[in-house]
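Asks: The following block contains the structure, expressed as structure tokens.
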Amino acid sequence: MEQILKYIMPNGMVILAEPMNNVQSASFSMMIPCGTAVLPDGCCGAAAVISDWIFRGAGELDSRSLTDELDGLGLHRDSAIGAGHIVLSAACESGNIYRALELYADIILRPALKTEQFEFSRQLALHDLHALDDDPRQKVAIETRKHFYPDPMGRSAAGIKRDLENLTAQKVFDIVKDNFNTCGIILSVAGKCDFEKLCRHAEKLFNSPPAAQKQISIGTRKPEYVHIPHDGAQVHIGMMTPAVILGHRDYYNTMAAVSILGGSMSARLFTEVREKRGLCYAVGAGYHSLKEMAGITVYAGTTPEKAQQTFDVTIEQFQKITDGLNDDEVHRAKIGLKSSLIMQSESTIARASGIGSDYYRLGTVRPLGEIRQAVENISTAGVLDFLKRNPFTDFTVVTIGPKEINRF
Amino acid sequence: MRFLHKKLNNGLNIVGEENPDAMSASVGFFVKTGARDENPEINGVSHFLEHMLFKGTHEISALQVNEAFDNTGAKFNAFTSEENTVYYAAVLPEYLNNIVELWCKLLRPALRDEDFQIEKNVIKQEIAMYRDLPEFDVADKCRNLHFGSHPCGQSVLGSEQTIDTMTAEQMKNYFISRYSPDNMTLACAGNFDFNRLCKQVESLTKSWTPSAVSRQTSFFNGTGLSQRYGRDNLNREHICLMSAAPAYQDDLRYAAAMLAIITGDDVGSRLFWELVDTALAESASMHYDMMDGTGIFYSYIRTAPENRTVVMEKIKKVFDGLMTAGVSEKELTAAKNKRLSTITIKNETPMGRLVDLGFDWTYLQSYQPVDMEIQQIKAVTPADIQQVISKYNIAGFTEVSIGPKQ
């Protein structure tokens with residue numbers, strides 16, 4: 001049985017850990033409350049600039065020495081930008097985690113943020129934004145979230161060209177100063193670790209005083225259809241429809257419904273769109289959630305002449321699912337959810353990010369046993385009842401490609 | 001962990017690494033066939049055949065196949081490369097038997113005409129999808145140019161034309177010669193019982209007959225040619241560079257892997273400092289692909305079209321610097337640390353372990369324990385890397401770029 005350990009530092013920073021047997025690695029994830037939704041208006045893309053700029057020297061180390069030190073520890077680094085947070089994560093041989101945290105404390109609390117390095121970070125962010133135009137599949141997912149979530153929750157991490165062009169070193173420096181507060185940071189660790197030692201170490205490193213956290217004011221959403229012309233080989237279709245968030249009583253029913261619709265090869269979308277009709281290669285549904293709201297996502301990529309039918313068949317499947325479910329598909333959804341859960345629990349990287357994310361959304365971490373039980377409790381009648389109470393009628397649709405579709 | 005091996009009478013090799021502490025098990029059939037084994041007329045058949053396996057057998061329909069997989073909660077898939085077709089699944093231990101039985105059945109597919117025709121559409125959709133991914137497209141074109149007349153230059157997907165004209169009969173003939181038990185390896189890692197697995201597989205594959213199929217392997221230096229394609233719908237310059245590298249069977253492979261990290265790891269490499277740190281390119285990386293009898297280093301760089309000339313000058317500077325001065329002890333140590341930590345993390349899951357287990361047997365007919373791999377990496381010296389650099393002329397690359405029309 002796994003154990004989740006928690007310690008809240010006097011300044012409010014949260015430390016979570018899940019010690020794991022039979023592994024030699026430790027992974028950590030640091031959620032810093034500086035995501036896209038908390039950025040001031042006119043600064044969309046600043047989080048992307050920040051996540052590069054803070055690594056260009058910190059504490060006593062210049063950019064090159066810092067990278068050399070991080071690489072010397074064999075760290076597998078990653079950074080991700082969400083609506084609420086910039087998430088810096090790393091995995092390493094467990095003995096190296098203490099030195100790694102020292103370096104991350106410098107990166108978060110004492111980044112050099114040299115003006116001469118700022119322009120490189122801003123240029124890279126602009127390049128990445130332009131590069132999205134060459135990757136319509138990724139772009140359609142970003143655009144769908146942007147149009148689905150009310151502002152500022154759907155803001156793209158890649159940013160907006162005009163905002164990126166107008167960013168100054170001072171403006172971004174101020175954003176870092178205002179938002180890199182230890183009281184809002186969640187540090188989560190999974191793998192081989194000594195929790196007591198970890199907490200004492202973190203306490204020394206992150207002992208800055210607390211500061212007030214930003215509140216986000218959320219607008220309203222409206223379903224819409226947006227087409228972005230692109231002279232490519234395919235029409236990329238992105239769709240989202242509202243869903244419940246983690247912690248809601250229908251959360252696990254939603255997971256089952258997503259799985260039945262499009263989570264696997266026996267799912268309805270794959271079967272009806274690809275297997276029976278050969279309309280496309282890639283089609284599937286997933287679940288995307290923020291702390292405040294969530295949606296079911298769909299992606300399908302198809303050639304222009306098959307785009308309309310692909311869309312129509314997809315919508316039809318969302319409507320038909322409320323007509324009835326069979327026990328076999330609910331059973332398969334449950335086994336799929338249970339397997340994913342157990343396999344994730346073998347990976348230190350997946351667990352470190354999982355417990356941090358749970359804590360942020362729920363204020364607690366769901367033990368794996370509890371999730372497993374909740375999955376076991378899913379029933380055909382329960383999922384169907386949920387679907388009848390919440391039919392899918394409200395879709396945000398974005399297409400990128402040479403041809404539009406008829407939305408209604 | 002305990003390694004076990006058994007060769008069945010029909011020639012099928014079964015390799016396993018038991019780990020009773022694991023929470024899952026991973027299993028995979030590694031078929032030694034891919035684009036390089038195809039006659040050009042049926043280019044794309046290996047990949048198309050991989051799709052057709054999921055269409056079922058004479059007893060199991062395509063829909064039943066998908067349901068059977070999902071009944072086990074398996075994380076399963078397949079992939080086809082220039083020289084391998086791999087079918088794999090990660091599963092909870094209690095479902096391993098079901099998954100093994102299913103794969104064994106599917107490896108003797110019905111290849112029905114009607115499924116063949118429907119799946120042609122899906123393959124053509126996949127070809128269209130990859131055409132919209134310039135990062136993939138440029139690598140495919142570069143491989144083709146680099147290998148010239150050598151079979152490793154053939155496209156995995158094939159073309160719309162080869163897919164259109166291919167017949168089910170041609171696929172069946174290809175299947176009979178390449179999917180013989182003596183041309184594949186079954187690998188399993190994680191929480192499972194090897195003897196039980198062998199008994200099950202022996203019984204399920206007793207009707208399979210060997211074909212004594214072989215593959216022509218020859219080392220290839222590369223053409224060193226260059227080509228650019230202009231496209232109306234692109235706004236970045238996508239550059240791919242390829243040069244020769246040690247084969248999977250070559251002892252220099254560990255040094256070659258270190259060289260790729262030093263030259264082109266995502267962060268902290270020579271290409272990173274020259275191109276990404278200075279914001280000349282948003283992406284610059286080098287990878288090492290060890291193949292059967294040959295190998296390649298390939299680099300991918302994405303930049304603004306106006307930066308192309310200066311980017312190519314900087315790349316030349318990096319490669320010339322390696323040719324003349326080699327690598328330092330310090331950067332080699334950093335590369336080793338990165339690689340060792342990758343190995344530690346990857347091997348903590350049965351799925352991570354499966355891939356090395358299967359490929360090591362496919363290419364080397366031997367078992368390479370994790371500890372041995374670690375020792376081999378630790379033993380690499382700057383002189384070994386110098387040997388790779390001079391023997392394989394990394395600066396003499398083939399180059400393909402795709403970008404906006406000029």
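By convention in this document, the chains of the structure tokens carry letters A, B, ... by their order, each chain's residues are numbered from 1, and ligands are numbered from 1 in the order they are shown.
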For the structure I just gave you, how does DSSP split region 162-270 of chain A - specifically, which residues are strand (DSSP E or B)? Reply as a list in words.
Replies: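 Put together, the selection reads Ile186, Leu187, Ser188, Val189, Ala190, Gly191, Tyr225, Val226, His227, Ile228, Pro229, Val235, His236, Ile237, Gly238, Met239, Met240, Thr241, Pro242 and Ala243 of chain A.
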Asks: Can you work out which residues from chain B touch chain A at a cut-off of 8 Å (counting only C-alpha atoms) and hand them back as a VMD selection string?
Replies: chain B and resid 21 to 24 63 66 to 67 70 to 75 91 to 92 118 to 119 121 to 123 125 to 126 128 to 129 131 to 134 232 to 236 267 to 268 276 to 279 281 to 282 303 to 304 333 to 342 344 to 345 348 to 349
Asks: Mind checking which residues fall within 9 Å of region 152-157 of chain A, counting only C-alpha atoms, ignoring those fewer than 4 positions away in the same chain, and posting them as JSON, numbers by chain?
Replies: {"A": [35, 36, 37, 38, 39, 41, 44, 45, 46, 47, 48, 80, 81, 82, 83, 84, 142, 143, 144, 145, 146, 147, 148, 216, 217, 218, 219, 290, 292, 293]}
Asks: Could those residues be written to a file, using N, CA, C and O atoms, as a compact mmCIF listing (two decimals), in the first residue's frame?
Replies:
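That gives us out-v1.txt:
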```
# COMPACT_ATOMS: atom_id res chain seq x y z
N GLY A 35 1.16 30.53 -14.10
CA GLY A 35 0.65 29.99 -15.36
C GLY A 35 0.06 31.08 -16.24
O GLY A 35 0.05 32.27 -15.88
N THR A 36 -0.45 30.65 -17.38
CA THR A 36 -0.92 31.63 -18.38
C THR A 36 -2.09 32.48 -17.87
O THR A 36 -2.20 33.64 -18.22
N ALA A 37 -2.95 31.89 -17.02
CA ALA A 37 -4.14 32.62 -16.60
C ALA A 37 -3.83 33.72 -15.58
O ALA A 37 -4.64 34.63 -15.39
N VAL A 38 -2.70 33.63 -14.91
CA VAL A 38 -2.39 34.66 -13.90
C VAL A 38 -1.55 35.79 -14.48
O VAL A 38 -1.26 36.77 -13.80
N LEU A 39 -1.17 35.68 -15.74
CA LEU A 39 -0.35 36.74 -16.34
C LEU A 39 -1.18 37.99 -16.55
O LEU A 39 -2.38 37.91 -16.84
N ASP A 41 -2.85 41.13 -18.45
CA ASP A 41 -3.31 41.26 -19.84
C ASP A 41 -2.18 41.84 -20.70
O ASP A 41 -1.40 42.66 -20.23
N CYS A 44 0.54 37.66 -22.91
CA CYS A 44 0.35 36.25 -23.25
C CYS A 44 1.62 35.70 -23.94
O CYS A 44 2.06 36.25 -24.95
N GLY A 45 2.18 34.68 -23.38
CA GLY A 45 3.45 34.13 -23.88
C GLY A 45 4.59 34.37 -22.89
O GLY A 45 5.66 33.80 -23.03
N ALA A 46 4.33 35.23 -21.89
CA ALA A 46 5.40 35.55 -20.93
C ALA A 46 5.86 34.31 -20.16
O ALA A 46 7.05 34.18 -19.85
N ALA A 47 4.94 33.38 -19.89
CA ALA A 47 5.34 32.17 -19.14
C ALA A 47 6.35 31.34 -19.94
O ALA A 47 7.27 30.76 -19.38
N ALA A 48 6.18 31.33 -21.27
CA ALA A 48 7.13 30.60 -22.11
C ALA A 48 8.51 31.27 -22.05
O ALA A 48 9.54 30.60 -21.98
N ALA A 80 6.61 22.59 -18.14
CA ALA A 80 5.31 22.65 -18.80
C ALA A 80 4.59 23.89 -18.29
O ALA A 80 4.82 24.33 -17.15
N ILE A 81 3.74 24.43 -19.12
CA ILE A 81 3.02 25.64 -18.71
C ILE A 81 1.52 25.35 -18.76
O ILE A 81 1.00 24.94 -19.79
N GLY A 82 0.86 25.55 -17.64
CA GLY A 82 -0.58 25.34 -17.59
C GLY A 82 -1.27 26.66 -17.26
O GLY A 82 -0.61 27.71 -17.15
N ALA A 83 -2.57 26.59 -17.09
CA ALA A 83 -3.31 27.81 -16.79
C ALA A 83 -2.88 28.38 -15.44
O ALA A 83 -2.73 29.59 -15.28
N GLY A 84 -2.67 27.51 -14.46
CA GLY A 84 -2.34 27.99 -13.12
C GLY A 84 -0.85 28.06 -12.81
O GLY A 84 -0.43 28.86 -11.99
N ILE A 142 -4.40 23.43 -29.34
CA ILE A 142 -4.22 24.69 -28.60
C ILE A 142 -5.37 25.64 -28.89
O ILE A 142 -5.94 26.25 -27.99
N GLU A 143 -5.73 25.74 -30.17
CA GLU A 143 -6.81 26.66 -30.55
C GLU A 143 -8.16 26.20 -29.98
O GLU A 143 -8.99 27.02 -29.59
N THR A 144 -8.36 24.90 -29.92
CA THR A 144 -9.63 24.39 -29.38
C THR A 144 -9.75 24.74 -27.90
O THR A 144 -10.79 25.20 -27.44
N ARG A 145 -8.67 24.55 -27.16
CA ARG A 145 -8.71 24.90 -25.73
C ARG A 145 -8.90 26.41 -25.56
O ARG A 145 -9.63 26.85 -24.68
N LYS A 146 -8.26 27.17 -26.43
CA LYS A 146 -8.37 28.64 -26.34
C LYS A 146 -9.83 29.09 -26.52
O LYS A 146 -10.32 29.95 -25.80
N HIS A 147 -10.51 28.49 -27.47
CA HIS A 147 -11.89 28.90 -27.73
C HIS A 147 -12.88 28.25 -26.78
O HIS A 147 -13.97 28.77 -26.55
N PHE A 148 -12.51 27.09 -26.23
CA PHE A 148 -13.44 26.38 -25.35
C PHE A 148 -13.48 27.01 -23.95
O PHE A 148 -14.56 27.26 -23.40
N ILE A 216 -7.88 34.70 -9.85
CA ILE A 216 -8.17 34.83 -11.28
C ILE A 216 -9.66 35.12 -11.46
O ILE A 216 -10.50 34.47 -10.86
N SER A 217 -9.98 36.11 -12.28
CA SER A 217 -11.40 36.34 -12.56
C SER A 217 -11.72 35.76 -13.94
O SER A 217 -11.06 36.07 -14.93
N ILE A 218 -12.72 34.89 -13.93
CA ILE A 218 -12.99 34.08 -15.13
C ILE A 218 -14.19 34.62 -15.90
O ILE A 218 -15.24 34.93 -15.32
N GLY A 219 -14.04 34.73 -17.23
CA GLY A 219 -15.14 35.21 -18.09
C GLY A 219 -16.16 34.12 -18.35
O GLY A 219 -16.22 33.12 -17.63
N LEU A 290 -8.74 21.63 -15.96
CA LEU A 290 -8.07 22.63 -15.14
C LEU A 290 -8.60 22.41 -13.73
O LEU A 290 -9.42 21.53 -13.50
N GLU A 292 -10.52 24.55 -12.24
CA GLU A 292 -11.85 25.16 -12.19
C GLU A 292 -12.86 24.54 -13.15
O GLU A 292 -14.07 24.62 -12.92
N MET A 293 -12.41 23.99 -14.25
CA MET A 293 -13.33 23.49 -15.28
C MET A 293 -12.63 22.43 -16.13
O MET A 293 -11.40 22.30 -16.06
```
Asks: List every residue of region 254-384 of chain B that DSSP, applied to the backbone of this structure, places in alpha helix (DSSP H), and write the result as a ChimeraX atom specification.
Replies: /B:254-264,270-271,308-325,329-346,350-364,370-378,382-384
Asks: Would you mind telling me which residue in B:Ile315, B:Leu186, B:Met290, B:Ile301 lies nearest to Glu274 (chain B) when using only C-alpha atoms?
Replies: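 Checking each candidate against Glu274 (chain B), we get B:Ile315 as the closest.
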Asks: Excluding region 354-363 of chain A and residues on its chain fewer than 6 positions from it, collect all residues at most 12 Å away from it, counting only C-alpha atoms, and give them as a PyMOL selection string.
Replies: chain A and resi 2-6+8+13-19+27-33+82+84-85+87-89+184-190+245-248+289-294+341+344-345+347-348+371
Asks: Between CA of Gln170 (chain A) and CA of Trp273 (chain B), what is the distance, to one decimal in Å?
Replies: 25.0 Å
Asks: Fewer than 3 positions away in the same chain doesn't count, so skip those; otherwise give me all residues within 8 Å of Val398 (chain A), counting only C-alpha atoms, as a PyMOL selection string.
Replies: chain A and resi 140+143-144+225-228+237-239
